[in-house]
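Trainee: Quick one: structure below, then a few questions.
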Amino acid sequence: MSGTLLIKNKIKKFNKKIKVTGDKSLSIRWVLLASQATGKSRAHNLLMSEDVLAAINSIKKLGIKVKIYKNHCEIFGNGINGFNFKKNLTINAKNSGTFGRLILGLLIKSPKKIKLVGDKSLSKRDFSRITKPLQEFGAKFYFIKKNKLPLSILGSNTVKGINYLENKGSAQCKSSVMLAALSSSGTTSIKARKSRNHTELLFKYLKIDIKVKKTKKYDFIDIKPPKKIPAFNYQIPGDISSSAFFIALTTLTDDSKLLIKNVNINSSRVGIITILKKMGAKILLKNQKNYRGERISDIFIKSSKKLKAINCSSNLNSSAIDEFLIIFLIAARAKGISYFKDISELNQKESPRLDWGSKILNMMGVKTELTKDSIRIYGQPNLKIKKIITIKNYLKDHRIFMMSTIAALTCGGEWRIHDKDSINTSFPTFLNIIKKISNK
Ligand code: S3P
């Protein structure tokens with residue numbers, strides 16, 4: 001916990017063009033898959049944040065050579081299960097739930113015990129959601145505290161594909177099992193609630209034998225292990241989850257316009273755009289193109305004076321899972337009462353985000369009705385905050401910090417937002433971009 005941001009004034013109108021940093025989900029997946037490929041893989045625009053560095057440092061400890069240059073990163077994979085390391089190894093996932101869960105899928109054959117640790121926030125999160133299916137493959141897990149980090153994993157020599165039902169809509173669980181399938185004999189069959197599908201798209205691009213059948217609620221995925229994975233280069237597109245804060249900033253600032261270049265608008269990630277457009281936000285997708293199964297676009301946003309409340313369909317939950325805090329802020333400025341349901345998963349994130357979202361809106365003078373899995377937000381289009389608001393979330397919840405910053409810049413009042421360094425986990429240039437937008 002360090003650094004406090006002080007904001008006393010709203011942002012003035014702007015008309016700017018920006019670029020956000022690389023997609024976090026794709027960056028971590030590239031690191032992990034490149035570590036299993038044979039030969040030299042290269043990534044451009046890899047997100048250089050603490051979460052991705054935790055992944056890079058861990059695969060280095062697992063015996064993989066990595067070279068980081070100014071503009072790109074190279075990973076020299078040793079093939080599937082090519083990790084090579086000493087006894088009593090500890091790897092540190094720091095704040096990253098995605099890396100912490102996905103790496104376990106690559107360790108199910110590890111002949112030596114490996115300890116996985118994380119920071120205070122990650123050590124509060126549930127790991128049984130992934131150790132349970134990985135046990136089915138034959139891996140053994142040792143916990144000190146029930147279902148929480150630190151844990152140790154010992155792999156098994158003979159791992160066979162499993163049938164797995166993923167019922168939470170968690171891409172981390174689905175992807176971890178998919179990575180485990182790479183080194184398991186036979187077919188792994190997954191029935192998964194809808195969630196982001198980057199791992200599926202990367203497997204397809206790498207010509208791994210994967211079949212995906214989509215129904216309305218579930219995806220049915222069959223994977224057969226490949227003999228090897230070719231080394232591959234990747235140009236990581238901008239992160240929609242980072243862009244979301246600037247989409248909100250522009251929507252809520254009078255007479256403003258913003259163009260965000262080259263963002264991944266994969267349909268499993270764009271719930272924020274669908275939801276905000278339904279609420280009256282002015283968002284346009286320009287220059288769309290395909291890239292290795294992903295969809296990339298520039299995003300053009302104009303301020304919106306007439307935002308209306310939404311009764312949000314839970315079908316949109318998975319594609320907006322990381323964006324709800326900023327969506328709640330928009331709802332706080334919309335006309336009418338917004339309602340979001342079936343979102344208990346938000347309380348499983350870096351900090352309990354559903355509770356925190358409600359708490360911050362209340363501090364702003366916005367009425368909410370909160371249950372374990374839903375929130376009603378009584379919007380105030382003319383909200384003008386006149387008091388001092390202090391945000392003390394010390395769980396490195398970068399999205400709490402960034403949502404609070406956008407609230408301060410668009411709703412007024414005097415804000416002291418603690419834990420500034422949390423942005424380094426996902427979006428280290430966040431405040432630099434704010435500065436760039438603020439400068440005339
Ligand atoms: C992620 C999946 C989501 C998301 C996280 C990144 C991923 O978590 O919240 O920020 O890259 O797979 P869950 O899978 O737990 O929903």
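If you're wondering about the labels, chains in the structure tokens are A, B, ... by order shown, residues count from 1 in each chain, ligands from 1 in order shown.
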Please return, as a list in words, all residues of segment 287-346 of chain A that DSSP assigns to alpha helix (DSSP H) on the basis of the backbone.

Mentor: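 Of segment 287-346 of chain A, the ones in alpha helix (DSSP H) are Phe324, Leu325, Ile326, Ile327, Phe328, Leu329, Ile330, Ala331 and Ala332 of chain A.
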
Trainee: Can you write just those residues out, all heavy atoms, as a short mmCIF file (atom, residue, chain, number, x, y, z; two decimals), in the first residue's frame?

Mentor:
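Everything below was put into again-v5.cif:
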```cif
data_model
loop_
_atom_site.label_atom_id
_atom_site.label_comp_id
_atom_site.auth_asym_id
_atom_site.auth_seq_id
_atom_site.Cartn_x
_atom_site.Cartn_y
_atom_site.Cartn_z
N PHE A 324 -17.53 -3.77 -14.13
CA PHE A 324 -18.73 -3.35 -13.41
C PHE A 324 -18.53 -2.11 -12.54
O PHE A 324 -19.43 -1.28 -12.43
CB PHE A 324 -19.33 -4.51 -12.61
CG PHE A 324 -20.22 -5.35 -13.47
CD1 PHE A 324 -19.84 -6.59 -13.91
CD2 PHE A 324 -21.45 -4.86 -13.89
CE1 PHE A 324 -20.65 -7.34 -14.75
CE2 PHE A 324 -22.28 -5.60 -14.72
CZ PHE A 324 -21.88 -6.85 -15.15
N LEU A 325 -17.34 -1.97 -11.95
CA LEU A 325 -17.14 -0.79 -11.09
C LEU A 325 -17.37 0.49 -11.88
O LEU A 325 -18.05 1.41 -11.43
CB LEU A 325 -15.72 -0.79 -10.53
CG LEU A 325 -15.41 -1.78 -9.42
CD1 LEU A 325 -13.92 -1.77 -9.13
CD2 LEU A 325 -16.19 -1.44 -8.16
N ILE A 326 -16.80 0.54 -13.08
CA ILE A 326 -16.91 1.76 -13.87
C ILE A 326 -18.33 1.90 -14.44
O ILE A 326 -18.86 3.00 -14.60
CB ILE A 326 -15.78 1.81 -14.94
CG1 ILE A 326 -15.53 3.24 -15.40
CG2 ILE A 326 -16.01 0.93 -16.13
CD1 ILE A 326 -14.87 4.10 -14.39
N ILE A 327 -18.98 0.76 -14.69
CA ILE A 327 -20.38 0.80 -15.14
C ILE A 327 -21.27 1.34 -14.00
O ILE A 327 -22.19 2.12 -14.22
CB ILE A 327 -20.84 -0.61 -15.61
CG1 ILE A 327 -20.08 -1.00 -16.89
CG2 ILE A 327 -22.35 -0.65 -15.84
CD1 ILE A 327 -20.24 -2.44 -17.31
N PHE A 328 -20.96 0.93 -12.75
CA PHE A 328 -21.72 1.45 -11.60
C PHE A 328 -21.61 2.97 -11.53
O PHE A 328 -22.56 3.67 -11.20
CB PHE A 328 -21.21 0.86 -10.27
CG PHE A 328 -21.42 -0.63 -10.11
CD1 PHE A 328 -20.74 -1.33 -9.11
CD2 PHE A 328 -22.28 -1.33 -10.94
CE1 PHE A 328 -20.92 -2.69 -8.95
CE2 PHE A 328 -22.46 -2.71 -10.78
CZ PHE A 328 -21.77 -3.38 -9.78
N LEU A 329 -20.41 3.48 -11.84
CA LEU A 329 -20.22 4.93 -11.80
C LEU A 329 -21.10 5.62 -12.84
O LEU A 329 -21.71 6.65 -12.58
CB LEU A 329 -18.74 5.28 -12.02
CG LEU A 329 -18.43 6.77 -12.08
CD1 LEU A 329 -18.69 7.44 -10.73
CD2 LEU A 329 -16.98 7.00 -12.50
N ILE A 330 -21.18 5.03 -14.03
CA ILE A 330 -22.04 5.60 -15.08
C ILE A 330 -23.51 5.54 -14.61
O ILE A 330 -24.27 6.50 -14.77
CB ILE A 330 -21.88 4.84 -16.41
CG1 ILE A 330 -20.43 4.88 -16.90
CG2 ILE A 330 -22.86 5.36 -17.47
CD1 ILE A 330 -20.00 6.14 -17.61
N ALA A 331 -23.88 4.42 -13.98
CA ALA A 331 -25.26 4.27 -13.49
C ALA A 331 -25.57 5.33 -12.44
O ALA A 331 -26.70 5.82 -12.34
CB ALA A 331 -25.46 2.87 -12.93
N ALA A 332 -24.55 5.70 -11.66
CA ALA A 332 -24.74 6.73 -10.62
C ALA A 332 -25.07 8.08 -11.24
O ALA A 332 -25.61 8.96 -10.58
CB ALA A 332 -23.47 6.84 -9.77
#
```

Trainee: Quick one: residues within 10 Å of Asp355 of chain A, only C-alpha atoms counted, chain neighbours fewer than 4 positions away excluded, as a PDB file with N, CA and C atoms, in the first residue's frame?

Mentor:
```pdb
ATOM      1  N   SER A 344     -22.401 -12.028  -7.955  1.00  0.00           N
ATOM      2  CA  SER A 344     -21.653 -12.348  -6.732  1.00  0.00           C
ATOM      3  C   SER A 344     -20.165 -12.575  -7.031  1.00  0.00           C
ATOM      4  N   LEU A 346     -18.208 -10.773  -8.450  1.00  0.00           N
ATOM      5  CA  LEU A 346     -17.439  -9.534  -8.243  1.00  0.00           C
ATOM      6  C   LEU A 346     -16.785  -9.505  -6.865  1.00  0.00           C
ATOM      7  N   ASN A 347     -17.393 -10.194  -5.928  1.00  0.00           N
ATOM      8  CA  ASN A 347     -16.801 -10.222  -4.586  1.00  0.00           C
ATOM      9  C   ASN A 347     -15.653 -11.226  -4.475  1.00  0.00           C
ATOM     10  N   SER A 351     -10.396  -7.361  -4.576  1.00  0.00           N
ATOM     11  CA  SER A 351     -11.061  -7.068  -3.306  1.00  0.00           C
ATOM     12  C   SER A 351     -12.544  -7.300  -3.566  1.00  0.00           C
ATOM     13  N   LYS A 359     -20.090   0.893  -1.656  1.00  0.00           N
ATOM     14  CA  LYS A 359     -19.542   1.779  -0.613  1.00  0.00           C
ATOM     15  C   LYS A 359     -19.081   3.113  -1.212  1.00  0.00           C
ATOM     16  N   ILE A 360     -18.394   3.044  -2.338  1.00  0.00           N
ATOM     17  CA  ILE A 360     -17.879   4.290  -2.944  1.00  0.00           C
ATOM     18  C   ILE A 360     -19.044   5.164  -3.432  1.00  0.00           C
ATOM     19  N   LEU A 370     -28.002  -3.063  -1.853  1.00  0.00           N
ATOM     20  CA  LEU A 370     -27.010  -4.102  -2.126  1.00  0.00           C
ATOM     21  C   LEU A 370     -27.471  -5.432  -1.545  1.00  0.00           C
ATOM     22  N   THR A 371     -27.352  -6.509  -2.323  1.00  0.00           N
ATOM     23  CA  THR A 371     -27.511  -7.852  -1.751  1.00  0.00           C
ATOM     24  C   THR A 371     -26.210  -8.593  -2.044  1.00  0.00           C
ATOM     25  N   LYS A 372     -26.194  -9.896  -1.732  1.00  0.00           N
ATOM     26  CA  LYS A 372     -24.972 -10.681  -1.974  1.00  0.00           C
ATOM     27  C   LYS A 372     -24.628 -10.755  -3.454  1.00  0.00           C
ATOM     28  N   ASP A 373     -25.652 -10.682  -4.307  1.00  0.00           N
ATOM     29  CA  ASP A 373     -25.347 -10.863  -5.732  1.00  0.00           C
ATOM     30  C   ASP A 373     -26.029  -9.839  -6.643  1.00  0.00           C
ATOM     31  N   SER A 374     -26.457  -8.709  -6.068  1.00  0.00           N
ATOM     32  CA  SER A 374     -27.088  -7.701  -6.928  1.00  0.00           C
ATOM     33  C   SER A 374     -26.915  -6.302  -6.340  1.00  0.00           C
ATOM     34  N   ILE A 375     -27.137  -5.329  -7.186  1.00  0.00           N
ATOM     35  CA  ILE A 375     -27.110  -3.937  -6.700  1.00  0.00           C
ATOM     36  C   ILE A 375     -28.111  -3.103  -7.495  1.00  0.00           C
TER      37      ILE A 375
END
```

Trainee: What residues of the protein or nucleic acid chains come within 10 Å of ligand 1 when you use only C-alpha atoms and all ligand atoms? Reply as an MDAnalysis selection string.

Mentor: chainID A and resid 23:29 96:99 101:102 125:126 129 168:176 195:199 241 269 317:323 345:346 348:350 399 426

Trainee: What's the 12 Å shell around Asp298 of chain A, counting only C-alpha atoms, without same-chain residues fewer than 6 positions away, as a ChimeraX atom specification?

Mentor: /A:17-20,237-240,243,247,258-265,283-289

Trainee: Give one line per residue of segment 3-78 of chain A that approaches segment 222-230 of chain A to at most 9 Å, naming the two atoms of the closest pair and their distance in Å to one decimal, counting only C-alpha atoms; sort by chain then ascending residue number and deliver it as a Markdown table.

Mentor:
```
| residue | atom | partner | partner_atom | distance |
| --- | --- | --- | --- | --- |
| A:Leu33 | CA | A:Ile229 | CA | 8.2 |
| A:Ala34 | CA | A:Ile229 | CA | 8.5 |
| A:Gln36 | CA | A:Ile229 | CA | 6.8 |
| A:Ala37 | CA | A:Ile229 | CA | 4.5 |
| A:Thr38 | CA | A:Pro230 | CA | 5.6 |
| A:Gly39 | CA | A:Pro230 | CA | 7.4 |
| A:Ser41 | CA | A:Pro230 | CA | 8.6 |
```

Trainee: Hey, which of A:Asn45, A:Ser35, A:Ser422, A:Thr158 ends up closest to Ile64 of chain A? Count only C-alpha atoms.

Mentor: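 The answer is A:Ser35, which sits nearest to Ile64 of chain A.
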
Trainee: With only C-alpha atoms as the basis for distance, which of A:Asn393, A:Asn167, A:Asn57, A:Ser358 is at the shortest distance from Asp419 of chain A?

Mentor: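 That would be A:Asn393, the residue with the smallest distance to Asp419 of chain A.
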
Trainee: Could you jot down the atom CA of Lys282 of chain A to atom CA of Met403 of chain A separation for me, Å, one decimal place?

Mentor: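 One can read the atom CA of Lys282 of chain A to atom CA of Met403 of chain A distance as 19.5 Å.
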
Trainee: Quick check for you: according to DSSP on this backbone, which residues of segment 158-347 of chain A are classed as strand (DSSP E)? Reply as a PyMOL selection string.

Mentor: chain A and resi 163-166+188-193+210-214+218-223+229-230+234-235+257-264+282-291+294-302+311-312+337-340

Trainee: Neighbouring residues of Asp255 of chain A were defined as those with any atom within 10 Å, considering only C-alpha atoms; residues of the same chain fewer than 4 positions away were excluded. Please report them as a PDB file with all heavy atoms, in the first residue's frame.

Mentor:
```
ATOM      1  N   LYS A  12     -11.153  19.263 -17.340  1.00  0.00           N
ATOM      2  CA  LYS A  12     -11.788  20.195 -18.291  1.00  0.00           C
ATOM      3  C   LYS A  12     -12.046  19.465 -19.600  1.00  0.00           C
ATOM      4  O   LYS A  12     -11.430  18.447 -19.878  1.00  0.00           O
ATOM      5  CB  LYS A  12     -10.856  21.374 -18.529  1.00  0.00           C
ATOM      6  CG  LYS A  12     -10.502  22.105 -17.246  1.00  0.00           C
ATOM      7  CD  LYS A  12     -10.590  23.614 -17.437  1.00  0.00           C
ATOM      8  CE  LYS A  12     -10.595  24.341 -16.117  1.00  0.00           C
ATOM      9  NZ  LYS A  12      -9.366  24.191 -15.331  1.00  0.00           N
ATOM     10  N   LYS A  13     -12.911  20.045 -20.444  1.00  0.00           N
ATOM     11  CA  LYS A  13     -13.252  19.378 -21.699  1.00  0.00           C
ATOM     12  C   LYS A  13     -11.997  19.075 -22.532  1.00  0.00           C
ATOM     13  O   LYS A  13     -11.016  19.815 -22.469  1.00  0.00           O
ATOM     14  CB  LYS A  13     -14.242  20.210 -22.507  1.00  0.00           C
ATOM     15  CG  LYS A  13     -13.688  21.501 -23.053  1.00  0.00           C
ATOM     16  CD  LYS A  13     -14.719  22.170 -23.929  1.00  0.00           C
ATOM     17  CE  LYS A  13     -14.146  23.465 -24.495  1.00  0.00           C
ATOM     18  NZ  LYS A  13     -15.079  24.191 -25.326  1.00  0.00           N
ATOM     19  N   PHE A  14     -12.033  17.963 -23.278  1.00  0.00           N
ATOM     20  CA  PHE A  14     -10.854  17.557 -24.044  1.00  0.00           C
ATOM     21  C   PHE A  14     -11.267  16.939 -25.375  1.00  0.00           C
ATOM     22  O   PHE A  14     -12.417  16.533 -25.575  1.00  0.00           O
ATOM     23  CB  PHE A  14     -10.005  16.567 -23.228  1.00  0.00           C
ATOM     24  CG  PHE A  14     -10.776  15.354 -22.741  1.00  0.00           C
ATOM     25  CD1 PHE A  14     -10.958  14.243 -23.554  1.00  0.00           C
ATOM     26  CD2 PHE A  14     -11.319  15.318 -21.457  1.00  0.00           C
ATOM     27  CE1 PHE A  14     -11.661  13.129 -23.107  1.00  0.00           C
ATOM     28  CE2 PHE A  14     -12.029  14.198 -21.003  1.00  0.00           C
ATOM     29  CZ  PHE A  14     -12.194  13.113 -21.831  1.00  0.00           C
ATOM     30  N   ASN A  15     -10.283  16.871 -26.273  1.00  0.00           N
ATOM     31  CA  ASN A  15     -10.459  16.223 -27.580  1.00  0.00           C
ATOM     32  C   ASN A  15      -9.102  15.592 -27.895  1.00  0.00           C
ATOM     33  O   ASN A  15      -8.187  16.263 -28.331  1.00  0.00           O
ATOM     34  CB  ASN A  15     -10.847  17.297 -28.621  1.00  0.00           C
ATOM     35  CG  ASN A  15     -11.059  16.676 -29.991  1.00  0.00           C
ATOM     36  OD1 ASN A  15     -10.820  15.481 -30.195  1.00  0.00           O
ATOM     37  ND2 ASN A  15     -11.496  17.487 -30.939  1.00  0.00           N
ATOM     38  N   THR A 250     -14.747  10.062 -20.748  1.00  0.00           N
ATOM     39  CA  THR A 250     -15.240  10.887 -21.855  1.00  0.00           C
ATOM     40  C   THR A 250     -16.759  10.999 -21.811  1.00  0.00           C
ATOM     41  O   THR A 250     -17.323  12.082 -22.002  1.00  0.00           O
ATOM     42  CB  THR A 250     -14.787  10.279 -23.210  1.00  0.00           C
ATOM     43  OG1 THR A 250     -13.416   9.927 -23.116  1.00  0.00           O
ATOM     44  CG2 THR A 250     -14.994  11.254 -24.349  1.00  0.00           C
ATOM     45  N   THR A 251     -17.421   9.889 -21.543  1.00  0.00           N
ATOM     46  CA  THR A 251     -18.886   9.890 -21.475  1.00  0.00           C
ATOM     47  C   THR A 251     -19.374  10.919 -20.459  1.00  0.00           C
ATOM     48  O   THR A 251     -20.352  11.628 -20.683  1.00  0.00           O
ATOM     49  CB  THR A 251     -19.387   8.471 -21.107  1.00  0.00           C
ATOM     50  OG1 THR A 251     -18.969   7.572 -22.138  1.00  0.00           O
ATOM     51  CG2 THR A 251     -20.895   8.414 -20.978  1.00  0.00           C
ATOM     52  N   LYS A 302     -17.806  10.053 -27.497  1.00  0.00           N
ATOM     53  CA  LYS A 302     -18.189  11.469 -27.303  1.00  0.00           C
ATOM     54  C   LYS A 302     -18.948  11.575 -25.988  1.00  0.00           C
ATOM     55  O   LYS A 302     -19.608  10.610 -25.561  1.00  0.00           O
ATOM     56  CB  LYS A 302     -19.119  11.911 -28.452  1.00  0.00           C
ATOM     57  CG  LYS A 302     -18.357  12.214 -29.690  1.00  0.00           C
ATOM     58  CD  LYS A 302     -19.008  13.186 -30.656  1.00  0.00           C
ATOM     59  CE  LYS A 302     -20.372  12.953 -31.121  1.00  0.00           C
ATOM     60  NZ  LYS A 302     -20.729  13.636 -32.351  1.00  0.00           N
ATOM     61  N   SER A 303     -18.901  12.729 -25.347  1.00  0.00           N
ATOM     62  CA  SER A 303     -19.629  12.869 -24.088  1.00  0.00           C
ATOM     63  C   SER A 303     -21.125  12.688 -24.313  1.00  0.00           C
ATOM     64  O   SER A 303     -21.626  12.889 -25.410  1.00  0.00           O
ATOM     65  CB  SER A 303     -19.369  14.203 -23.427  1.00  0.00           C
ATOM     66  OG  SER A 303     -19.034  15.177 -24.361  1.00  0.00           O
ATOM     67  N   SER A 304     -21.786  12.304 -23.250  1.00  0.00           N
ATOM     68  CA  SER A 304     -23.219  12.067 -23.378  1.00  0.00           C
ATOM     69  C   SER A 304     -23.945  12.775 -22.246  1.00  0.00           C
ATOM     70  O   SER A 304     -23.627  12.581 -21.068  1.00  0.00           O
ATOM     71  CB  SER A 304     -23.474  10.562 -23.312  1.00  0.00           C
ATOM     72  OG  SER A 304     -24.833  10.340 -23.237  1.00  0.00           O
ATOM     73  N   LYS A 305     -24.913  13.626 -22.614  1.00  0.00           N
ATOM     74  CA  LYS A 305     -25.629  14.390 -21.576  1.00  0.00           C
ATOM     75  C   LYS A 305     -26.844  13.632 -21.082  1.00  0.00           C
ATOM     76  O   LYS A 305     -27.378  13.921 -20.022  1.00  0.00           O
ATOM     77  CB  LYS A 305     -26.040  15.747 -22.155  1.00  0.00           C
ATOM     78  CG  LYS A 305     -24.861  16.697 -22.290  1.00  0.00           C
ATOM     79  CD  LYS A 305     -25.298  18.141 -22.044  1.00  0.00           C
ATOM     80  CE  LYS A 305     -24.128  19.072 -21.904  1.00  0.00           C
ATOM     81  NZ  LYS A 305     -23.644  19.596 -23.189  1.00  0.00           N
TER      82      LYS A 305
END
```

Trainee: Could you tell me how far atom CA of Asn266 of chain A sits from atom CA of Arg295 of chain A, in Å to one decimal place?

Mentor: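 Result for atom CA of Arg295 of chain A versus atom CA of Asn266 of chain A: 5.2 Å, one decimal.
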
Trainee: Using only C-alpha atoms, can you tell me which of A:Ser256, A:Ser267, A:Thr187, A:Asn84 comes closest to Ile296 of chain A?

Mentor: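 The shortest atom-to-atom distance to Ile296 of chain A comes from A:Ser267.
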
Trainee: Which neighbours of Ile103 of chain A fall inside 12 Å, counting only C-alpha atoms, when residues of the same chain fewer than 5 positions from it are skipped, and could you give them as an MDAnalysis selection string?

Mentor: chainID A and resid 28:29 31:33 35:36 54:56 58:59 62 81 83 91:93 96:98 108:110 114:117 130:131 134 153 172:173 175:180

Trainee: Export, as a PDB file, in the first residue's frame, the selected residues with C-alpha atoms.

Mentor:
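Output file again.pdb is given in full below:
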```pdb
ATOM      1  CA  ILE A  28      -0.235 -13.617 -19.626  1.00  0.00           C
ATOM      2  CA  ARG A  29      -1.499 -16.285 -22.040  1.00  0.00           C
ATOM      3  CA  VAL A  31       3.925 -15.832 -21.808  1.00  0.00           C
ATOM      4  CA  LEU A  32       2.539 -19.184 -20.702  1.00  0.00           C
ATOM      5  CA  LEU A  33       2.035 -20.651 -24.169  1.00  0.00           C
ATOM      6  CA  SER A  35       6.974 -21.178 -22.474  1.00  0.00           C
ATOM      7  CA  GLN A  36       5.494 -24.441 -23.800  1.00  0.00           C
ATOM      8  CA  ALA A  54       5.137 -12.081 -12.102  1.00  0.00           C
ATOM      9  CA  ALA A  55       4.423 -14.522 -14.949  1.00  0.00           C
ATOM     10  CA  ILE A  56       7.752 -13.808 -16.665  1.00  0.00           C
ATOM     11  CA  SER A  58       8.075 -17.352 -12.570  1.00  0.00           C
ATOM     12  CA  ILE A  59       8.701 -19.048 -15.921  1.00  0.00           C
ATOM     13  CA  LEU A  62      11.027 -22.697 -14.023  1.00  0.00           C
ATOM     14  CA  ASN A  81       6.470 -29.787 -19.993  1.00  0.00           C
ATOM     15  CA  PHE A  83      10.291 -26.745 -17.359  1.00  0.00           C
ATOM     16  CA  ILE A  91       7.093 -19.076  -7.500  1.00  0.00           C
ATOM     17  CA  ASN A  92       5.289 -15.845  -6.700  1.00  0.00           C
ATOM     18  CA  ALA A  93       2.075 -14.866  -8.521  1.00  0.00           C
ATOM     19  CA  SER A  96      -2.327 -12.008 -10.304  1.00  0.00           C
ATOM     20  CA  GLY A  97      -5.250 -14.426 -10.036  1.00  0.00           C
ATOM     21  CA  THR A  98      -4.952 -15.146 -13.744  1.00  0.00           C
ATOM     22  CA  ILE A 108       0.251 -31.061 -13.319  1.00  0.00           C
ATOM     23  CA  LYS A 109       3.131 -33.261 -14.441  1.00  0.00           C
ATOM     24  CA  SER A 110       5.775 -31.634 -12.263  1.00  0.00           C
ATOM     25  CA  ILE A 114       6.521 -26.416  -6.260  1.00  0.00           C
ATOM     26  CA  LYS A 115       5.238 -23.788  -3.867  1.00  0.00           C
ATOM     27  CA  LEU A 116       2.955 -21.031  -5.174  1.00  0.00           C
ATOM     28  CA  VAL A 117       2.647 -17.852  -3.129  1.00  0.00           C
ATOM     29  CA  ILE A 130      -8.945 -24.693  -9.730  1.00  0.00           C
ATOM     30  CA  THR A 131      -7.210 -27.264  -7.513  1.00  0.00           C
ATOM     31  CA  LEU A 134      -6.580 -30.296 -11.476  1.00  0.00           C
ATOM     32  CA  ILE A 153       1.598 -28.721  -6.129  1.00  0.00           C
ATOM     33  CA  GLN A 172      -9.237 -18.550 -15.389  1.00  0.00           C
ATOM     34  CA  CYS A 173     -10.588 -21.971 -14.384  1.00  0.00           C
ATOM     35  CA  SER A 175      -8.031 -21.836 -19.237  1.00  0.00           C
ATOM     36  CA  SER A 176      -6.094 -23.573 -16.483  1.00  0.00           C
ATOM     37  CA  VAL A 177      -7.821 -26.869 -17.352  1.00  0.00           C
ATOM     38  CA  MET A 178      -7.174 -26.204 -21.053  1.00  0.00           C
ATOM     39  CA  LEU A 179      -3.458 -25.777 -20.327  1.00  0.00           C
ATOM     40  CA  ALA A 180      -3.492 -28.992 -18.313  1.00  0.00           C
TER      41      ALA A 180
END
```
